[in-house]
Every structure is written in structure tokens, then in C-alpha cells.
Amino acid sequence: MEGKDPWIRTLRRATDPRARVVFLPHAGGAASYYARFARLFPDGCDVSAVQYPGRHDRLGEPFVTTLEGLAERLLPSLRPWAAESVPLVLVGHSMGASVAFESVRRLGRDGLTAHCRLVVSGRGAPSTMRETPVFDTDQDLLDHLAGLGGTEAEIVGSPDLVDLVLPAIRNDYRAVTRYRPDPEAAVDTPVLCLTGDRDPRVTPEEAAAWKRHTTAGFRLEILPGGHFFLTDHADSVVRLIAECAGPGGR
């Protein structure tokens, strides 16, 4: 499936996997961001990342303009894995956390969450959603992302690269702005919530509120750092995800 599916990029292949981990990127992000994390997983973990349309090798494809639409379009790629007895762990950071949550909700409607786990990172719970900032200019948007740590310096310093990535960033921010989650929605999978202790977009209370959105187990881990705390704590993040994927993770 990995070789033909436009949505999935294999980052670490396991022949006989004990768990499957799928990363869902942040706004403007791509699958390649998570390659460094994949290398840190223990043997037996099959690690992939979602490639959204409109970026990298899907640059010529039209954007999906809502987070719910992304979850719907991704669902056919996830169903075969969710139907297996191997644990399937969806890991979403920032915007990706909402897409992961909506994907698990849809898998639940299909009765396919018996072996699923959800890891949400850098995102407040659906019941605590804030208004997403609206930016008057592209430079304001880039400055915002740079402040969060979400834009590489070489991109900001290169007009050609900025022109290449800005359409995806604009689309994703519009999609996040339009997202109106059900504040009462819950999934029947364990939820691990990761957050930075200095994240300007998520308070510890907003992160802890994810507990209201699962009928299974919940765990909150607060790590040092801002919105992209995971960049500086890849080892810890991978360890926590691997624990969630393990036998005691459900």
C-alpha cells in the first residue's frame, strides 16, 4: 500500500511490525519533517507520515480546504491498518492533532478503533478551541510562524522558497480558522497529550482538557519548550509515543 498511496510516506519500515505509527503534520508541514523522529523508534515500529496535497511531491494537486475534509480523504488509507490487530497510533502535531482526532472519530464510526491510539501534540482540546489569528499580510504570517519555531530560517531568507511554501501555509491556516469541532465529541481510544510548558498557543489546562474527549485512558506529558517543543526533545517524544504503542498503551 505504501508504494501506491499518495497520502502515506514510509519513514521506517518494519517487516513484521509490533506497532504502526503515523504522523500527521502541522499547518504548512510535510511528511519529511518527521523523518528524524522515525529513525529514533525501536525495532518493530513501522513509522509513516501523511503527505497532504499541495506540497512537496504533491505540489500540483489541489489543496483540501477543511480539516474534516482531510480526515475524510485520509480515511481509506487508514482503514486497512486499523482493521489489523497491530496497534495503530495516530500522532498529530498542532493542526495535525485535529486531523488525527477527526480521523479516529471516523474510524470509530466504522468500528475500527479496537487497536487504535491517539497522540495529540501542541493543540488544545476541542472543548477549549481558541480563535486562530488572522494575518493581514504574508509577512505577518511568516513572522508568526518564525516566532513559533515552525519556519526554517533558510526558508524565510529565500524568496523562492517562501513563494513555494506560502500557498500551503495560507490554505492550512484558513482550514484551521474554519474548524469548529464538537465540544462534546469523544473517541474510544487512549489519548496521550504532549505539550510544551511555554507554548503560547496552548496552556497546560487546555492540553489537560483532552481528557474529556476520550472514554479510554488519558495521559498528559508536559515537556520544556514552546509550540515546537518536540524539535528539541525528539528522544523523549519518541519514547512516549513508543510507550503508547506498547502493550500497556491501551
# chains A, B, ... in the order shown; residues from 1 in each chain; ligands from 1
call {"tool": "residues_around", "arguments": {"residues": "region 226-233 of chain A", "least_positions_apart": "4", "cutoff": "9 Å", "atoms": "only C-alpha atoms", "output": "list in words"}}
result
His93, Ser94, Ser121, Gly122, Arg123, Leu148, Gly149, Gly150, Leu194, Thr195, Gly196, Asp197, Arg198, Asp199, Pro200, Arg201, Val202, Val237 and Val238 of chain A
call {"tool": "closest_atom_pairs", "arguments": {"of": "region 59-154 of chain A", "to": "region 9-23 of chain A", "cutoff": "12 Å", "atoms": "only C-alpha atoms", "output": "CSV"}}
result
residue,atom,partner,partner_atom,distance
A:Leu74,CA,A:Val22,CA,11.5
A:Ser77,CA,A:Val22,CA,10.9
A:Leu78,CA,A:Val22,CA,9.2
A:Pro80,CA,A:Arg20,CA,11.7
A:Trp81,CA,A:Arg20,CA,8.0
A:Ala82,CA,A:Arg20,CA,9.5
A:Glu84,CA,A:Arg20,CA,10.2
A:Ser85,CA,A:Ala19,CA,9.2
A:Val86,CA,A:Ala19,CA,5.5
A:Pro87,CA,A:Ala19,CA,4.9
A:Leu88,CA,A:Arg20,CA,4.9
A:Val89,CA,A:Val21,CA,4.8
A:Leu90,CA,A:Val22,CA,5.0
A:Val91,CA,A:Phe23,CA,4.7
A:Gly92,CA,A:Phe23,CA,5.8
A:His93,CA,A:Phe23,CA,8.0
A:Ser94,CA,A:Phe23,CA,11.4
A:Met95,CA,A:Phe23,CA,11.6
A:Gly96,CA,A:Phe23,CA,8.0
A:Ala97,CA,A:Phe23,CA,9.4
A:Val99,CA,A:Phe23,CA,10.6
A:Ala100,CA,A:Phe23,CA,8.7
A:Ser103,CA,A:Val22,CA,11.7
A:His115,CA,A:Ala19,CA,9.7
A:Cys116,CA,A:Arg20,CA,9.5
A:Arg117,CA,A:Val21,CA,9.4
A:Leu118,CA,A:Val21,CA,9.9
A:Val119,CA,A:Phe23,CA,9.2
A:Val120,CA,A:Phe23,CA,10.1
A:Ser121,CA,A:Phe23,CA,10.7
call {"tool": "write_last_selection", "arguments": {"atoms": "N, CA and C atoms", "output": "tab-separated table (two decimals), in the first residue's frame"}}
result
chain	number	residue	atom	x	y	z
A	74	LEU	N	-8.30	11.00	4.04
A	74	LEU	CA	-7.26	10.12	4.58
A	74	LEU	C	-7.81	8.77	5.00
A	77	SER	N	-6.94	5.33	3.47
A	77	SER	CA	-5.56	4.90	3.71
A	77	SER	C	-5.38	4.28	5.08
A	78	LEU	N	-6.18	4.71	6.04
A	78	LEU	CA	-6.04	4.23	7.41
A	78	LEU	C	-6.85	2.99	7.71
A	80	PRO	N	-7.35	-0.01	6.29
A	80	PRO	CA	-6.73	-1.34	6.29
A	80	PRO	C	-5.84	-1.58	7.50
A	81	TRP	N	-5.10	-0.56	7.92
A	81	TRP	CA	-4.25	-0.70	9.10
A	81	TRP	C	-5.08	-0.79	10.37
A	82	ALA	N	-6.12	0.01	10.46
A	82	ALA	CA	-6.97	-0.01	11.66
A	82	ALA	C	-7.67	-1.35	11.83
A	84	GLU	N	-6.36	-4.22	11.30
A	84	GLU	CA	-5.41	-5.23	11.76
A	84	GLU	C	-5.38	-5.28	13.28
A	85	SER	N	-4.77	-6.33	13.81
A	85	SER	CA	-4.60	-6.43	15.27
A	85	SER	C	-3.36	-5.69	15.76
A	86	VAL	N	-2.53	-5.23	14.84
A	86	VAL	CA	-1.34	-4.45	15.20
A	86	VAL	C	-1.79	-3.05	15.65
A	87	PRO	N	-1.31	-2.56	16.79
A	87	PRO	CA	-1.71	-1.22	17.23
A	87	PRO	C	-1.40	-0.15	16.18
A	88	LEU	N	-2.36	0.73	15.96
A	88	LEU	CA	-2.21	1.86	15.05
A	88	LEU	C	-2.24	3.13	15.88
A	89	VAL	N	-1.14	3.88	15.85
A	89	VAL	CA	-1.01	5.09	16.64
A	89	VAL	C	-0.98	6.30	15.71
A	90	LEU	N	-2.00	7.14	15.78
A	90	LEU	CA	-2.02	8.37	15.01
A	90	LEU	C	-1.45	9.49	15.87
A	91	VAL	N	-0.42	10.17	15.35
A	91	VAL	CA	0.28	11.22	16.09
A	91	VAL	C	0.14	12.52	15.31
A	92	GLY	N	-0.60	13.47	15.85
A	92	GLY	CA	-0.80	14.74	15.17
A	92	GLY	C	-0.24	15.89	15.98
A	93	HIS	N	0.50	16.77	15.30
A	93	HIS	CA	1.02	17.97	15.98
A	93	HIS	C	0.29	19.20	15.47
A	94	SER	N	-0.19	20.04	16.39
A	94	SER	CA	-0.86	21.30	16.08
A	94	SER	C	-2.08	21.01	15.18
A	95	MET	N	-2.13	21.55	13.96
A	95	MET	CA	-3.25	21.24	13.07
A	95	MET	C	-3.43	19.74	12.91
A	96	GLY	N	-2.31	19.02	12.83
A	96	GLY	CA	-2.37	17.58	12.65
A	96	GLY	C	-3.07	16.85	13.77
A	97	ALA	N	-3.06	17.44	14.99
A	97	ALA	CA	-3.77	16.83	16.11
A	97	ALA	C	-5.27	16.82	15.85
A	99	VAL	N	-6.71	16.90	12.84
A	99	VAL	CA	-6.97	15.95	11.75
A	99	VAL	C	-6.92	14.52	12.28
A	100	ALA	N	-5.97	14.23	13.18
A	100	ALA	CA	-5.88	12.90	13.77
A	100	ALA	C	-7.13	12.58	14.59
A	103	SER	N	-9.97	11.90	12.33
A	103	SER	CA	-9.77	10.60	11.67
A	103	SER	C	-10.16	9.46	12.60
A	115	HIS	N	-7.84	-1.29	18.12
A	115	HIS	CA	-6.38	-1.33	18.29
A	115	HIS	C	-5.74	0.02	18.01
A	116	CYS	N	-6.53	1.09	18.07
A	116	CYS	CA	-6.02	2.44	17.78
A	116	CYS	C	-5.62	3.18	19.06
A	117	ARG	N	-4.66	4.07	18.92
A	117	ARG	CA	-4.29	5.01	19.97
A	117	ARG	C	-4.12	6.39	19.32
A	118	LEU	N	-4.32	7.43	20.08
A	118	LEU	CA	-4.24	8.79	19.57
A	118	LEU	C	-3.24	9.59	20.40
A	119	VAL	N	-2.29	10.24	19.71
A	119	VAL	CA	-1.35	11.14	20.36
A	119	VAL	C	-1.56	12.53	19.78
A	120	VAL	N	-1.90	13.47	20.64
A	120	VAL	CA	-2.12	14.86	20.22
A	120	VAL	C	-1.03	15.72	20.83
A	121	SER	N	-0.49	16.64	20.03
A	121	SER	CA	0.66	17.43	20.44
A	121	SER	C	0.46	18.88	20.01
call {"tool": "closest_residue", "arguments": {"among": "A:Ala27, A:Gly60, A:Tyr173, A:Phe41", "to": "Glu243 (chain A)", "atoms": "only C-alpha atoms"}}
result
A:Phe41
call {"tool": "closest_residue", "arguments": {"among": "A:Leu220, A:Cys244, A:Val187, A:Ala30", "to": "Arg105 (chain A)", "atoms": "only C-alpha atoms"}}
result
A:Val187
call {"tool": "closest_residue", "arguments": {"among": "A:Gly124, A:Gly147, A:Pro53, A:Pro167", "to": "Cys193 (chain A)", "atoms": "only C-alpha atoms"}}
result
A:Gly124
call {"tool": "atom_distance", "arguments": {"atom1": "CA of Asp5 (chain A)", "atom2": "CA of Gly54 (chain A)"}}
result
15.2 Å
call {"tool": "closest_residue", "arguments": {"among": "A:Thr189, A:Thr66, A:Thr215, A:Gln139", "to": "Leu107 (chain A)", "atoms": "only C-alpha atoms"}}
result
A:Thr189
call {"tool": "select_by_dssp", "arguments": {"residues": "region 3-222 of chain A", "states": "strand (DSSP E or B)", "output": "NGL selection string"}}
result
:A and (8-12 or 19-24 or 45-50 or 88-93 or 116-121 or 187 or 191-196 or 214 or 218-222)
call {"tool": "closest_residue", "arguments": {"among": "A:Trp7, A:Phe135, A:Tyr34, A:Phe218", "to": "Gln51 (chain A)", "atoms": "only C-alpha atoms"}}
result
A:Trp7
call {"tool": "select_by_dssp", "arguments": {"residues": "region 17-130 of chain A", "states": "alpha helix (DSSP H)", "output": "PyMOL selection string"}}
result
chain A and resi 35-38+67-82+95-109
call {"tool": "write_last_selection", "arguments": {"atoms": "N, CA, C and O atoms", "output": "compact mmCIF listing (two decimals), in the first residue's frame"}}
result
# COMPACT_ATOMS: atom_id res chain seq x y z
N ALA A 35 10.92 12.60 9.52
CA ALA A 35 11.91 11.55 9.22
C ALA A 35 12.90 11.37 10.37
O ALA A 35 13.28 10.25 10.71
N ARG A 36 13.31 12.48 10.98
CA ARG A 36 14.29 12.38 12.08
C ARG A 36 13.71 11.66 13.28
O ARG A 36 14.42 11.00 14.02
N PHE A 37 12.40 11.78 13.50
CA PHE A 37 11.76 11.07 14.60
C PHE A 37 11.70 9.57 14.31
O PHE A 37 11.91 8.74 15.20
N ALA A 38 11.42 9.23 13.05
CA ALA A 38 11.28 7.82 12.68
C ALA A 38 12.55 7.03 12.98
O ALA A 38 12.48 5.87 13.38
N LEU A 67 -10.28 20.77 7.69
CA LEU A 67 -9.66 19.68 8.45
C LEU A 67 -10.52 18.43 8.38
O LEU A 67 -10.00 17.31 8.31
N GLU A 68 -11.84 18.61 8.41
CA GLU A 68 -12.74 17.45 8.27
C GLU A 68 -12.55 16.79 6.91
O GLU A 68 -12.59 15.56 6.80
N GLY A 69 -12.34 17.62 5.88
CA GLY A 69 -12.10 17.07 4.54
C GLY A 69 -10.81 16.27 4.48
O GLY A 69 -10.75 15.22 3.83
N LEU A 70 -9.77 16.73 5.15
CA LEU A 70 -8.53 15.96 5.22
C LEU A 70 -8.76 14.60 5.88
O LEU A 70 -8.27 13.57 5.40
N ALA A 71 -9.50 14.59 6.99
CA ALA A 71 -9.78 13.33 7.68
C ALA A 71 -10.57 12.38 6.77
O ALA A 71 -10.27 11.17 6.73
N GLU A 72 -11.55 12.90 6.05
CA GLU A 72 -12.34 12.06 5.15
C GLU A 72 -11.49 11.47 4.04
O GLU A 72 -11.60 10.29 3.70
N ARG A 73 -10.63 12.30 3.45
CA ARG A 73 -9.81 11.85 2.34
C ARG A 73 -8.74 10.86 2.80
O ARG A 73 -8.31 10.00 2.03
N LEU A 74 -8.30 11.00 4.04
CA LEU A 74 -7.26 10.12 4.58
C LEU A 74 -7.81 8.77 5.00
O LEU A 74 -7.08 7.76 5.04
N LEU A 75 -9.10 8.70 5.27
CA LEU A 75 -9.71 7.51 5.85
C LEU A 75 -9.44 6.22 5.06
O LEU A 75 -9.10 5.18 5.67
N PRO A 76 -9.57 6.20 3.73
CA PRO A 76 -9.29 4.95 3.00
C PRO A 76 -7.88 4.43 3.19
O PRO A 76 -7.64 3.22 3.11
N SER A 77 -6.94 5.33 3.47
CA SER A 77 -5.56 4.90 3.71
C SER A 77 -5.38 4.28 5.08
O SER A 77 -4.50 3.43 5.27
N LEU A 78 -6.18 4.71 6.04
CA LEU A 78 -6.04 4.23 7.41
C LEU A 78 -6.85 2.99 7.71
O LEU A 78 -6.48 2.19 8.58
N ARG A 79 -7.95 2.81 7.02
CA ARG A 79 -8.85 1.68 7.34
C ARG A 79 -8.15 0.32 7.32
O ARG A 79 -8.36 -0.48 8.25
N PRO A 80 -7.35 -0.01 6.29
CA PRO A 80 -6.73 -1.34 6.29
C PRO A 80 -5.84 -1.58 7.50
O PRO A 80 -5.82 -2.69 8.06
N TRP A 81 -5.10 -0.56 7.92
CA TRP A 81 -4.25 -0.70 9.10
C TRP A 81 -5.08 -0.79 10.37
O TRP A 81 -4.76 -1.57 11.28
N ALA A 82 -6.12 0.01 10.46
CA ALA A 82 -6.97 -0.01 11.66
C ALA A 82 -7.67 -1.35 11.83
O ALA A 82 -8.01 -1.74 12.96
N MET A 95 -2.13 21.55 13.96
CA MET A 95 -3.25 21.24 13.07
C MET A 95 -3.43 19.74 12.91
O MET A 95 -4.55 19.22 12.86
N GLY A 96 -2.31 19.02 12.83
CA GLY A 96 -2.37 17.58 12.65
C GLY A 96 -3.07 16.85 13.77
O GLY A 96 -3.66 15.79 13.57
N ALA A 97 -3.06 17.44 14.99
CA ALA A 97 -3.77 16.83 16.11
C ALA A 97 -5.27 16.82 15.85
O ALA A 97 -5.96 15.84 16.16
N SER A 98 -5.79 17.91 15.30
CA SER A 98 -7.21 17.97 14.98
C SER A 98 -7.57 17.00 13.86
O SER A 98 -8.61 16.34 13.90
N VAL A 99 -6.71 16.90 12.84
CA VAL A 99 -6.97 15.95 11.75
C VAL A 99 -6.92 14.52 12.28
O VAL A 99 -7.75 13.67 11.92
N ALA A 100 -5.97 14.23 13.18
CA ALA A 100 -5.88 12.90 13.77
C ALA A 100 -7.13 12.58 14.59
O ALA A 100 -7.68 11.47 14.53
N PHE A 101 -7.58 13.55 15.39
CA PHE A 101 -8.78 13.36 16.21
C PHE A 101 -9.99 13.09 15.32
O PHE A 101 -10.77 12.15 15.58
N GLU A 102 -10.17 13.88 14.26
CA GLU A 102 -11.30 13.66 13.36
C GLU A 102 -11.18 12.33 12.63
O GLU A 102 -12.20 11.67 12.35
N SER A 103 -9.97 11.90 12.33
CA SER A 103 -9.77 10.60 11.67
C SER A 103 -10.16 9.46 12.60
O SER A 103 -10.84 8.51 12.18
N VAL A 104 -9.76 9.54 13.87
CA VAL A 104 -10.11 8.49 14.82
C VAL A 104 -11.62 8.46 15.05
O VAL A 104 -12.22 7.39 15.18
N ARG A 105 -12.26 9.64 15.09
CA ARG A 105 -13.72 9.66 15.22
C ARG A 105 -14.37 8.89 14.07
O ARG A 105 -15.31 8.11 14.29
N ARG A 106 -13.88 9.08 12.87
CA ARG A 106 -14.46 8.41 11.71
C ARG A 106 -14.16 6.91 11.71
O ARG A 106 -15.01 6.11 11.35
N LEU A 107 -12.96 6.54 12.14
CA LEU A 107 -12.65 5.12 12.28
C LEU A 107 -13.56 4.48 13.34
O LEU A 107 -13.98 3.33 13.19
N GLY A 108 -13.88 5.24 14.38
CA GLY A 108 -14.78 4.73 15.41
C GLY A 108 -16.18 4.47 14.87
O GLY A 108 -16.82 3.48 15.25
N ARG A 109 -16.65 5.33 13.99
CA ARG A 109 -17.97 5.12 13.38
C ARG A 109 -18.00 3.86 12.53
O ARG A 109 -19.05 3.23 12.35
call {"tool": "atom_distance", "arguments": {"atom1": "CA of Cys45 (chain A)", "atom2": "CA of Ile241 (chain A)"}}
result
10.4 Å
call {"tool": "closest_residue", "arguments": {"among": "A:Tyr52, A:Val191, A:Leu240, A:Gly44", "to": "Ala31 (chain A)", "atoms": "only C-alpha atoms"}}
result
A:Tyr52
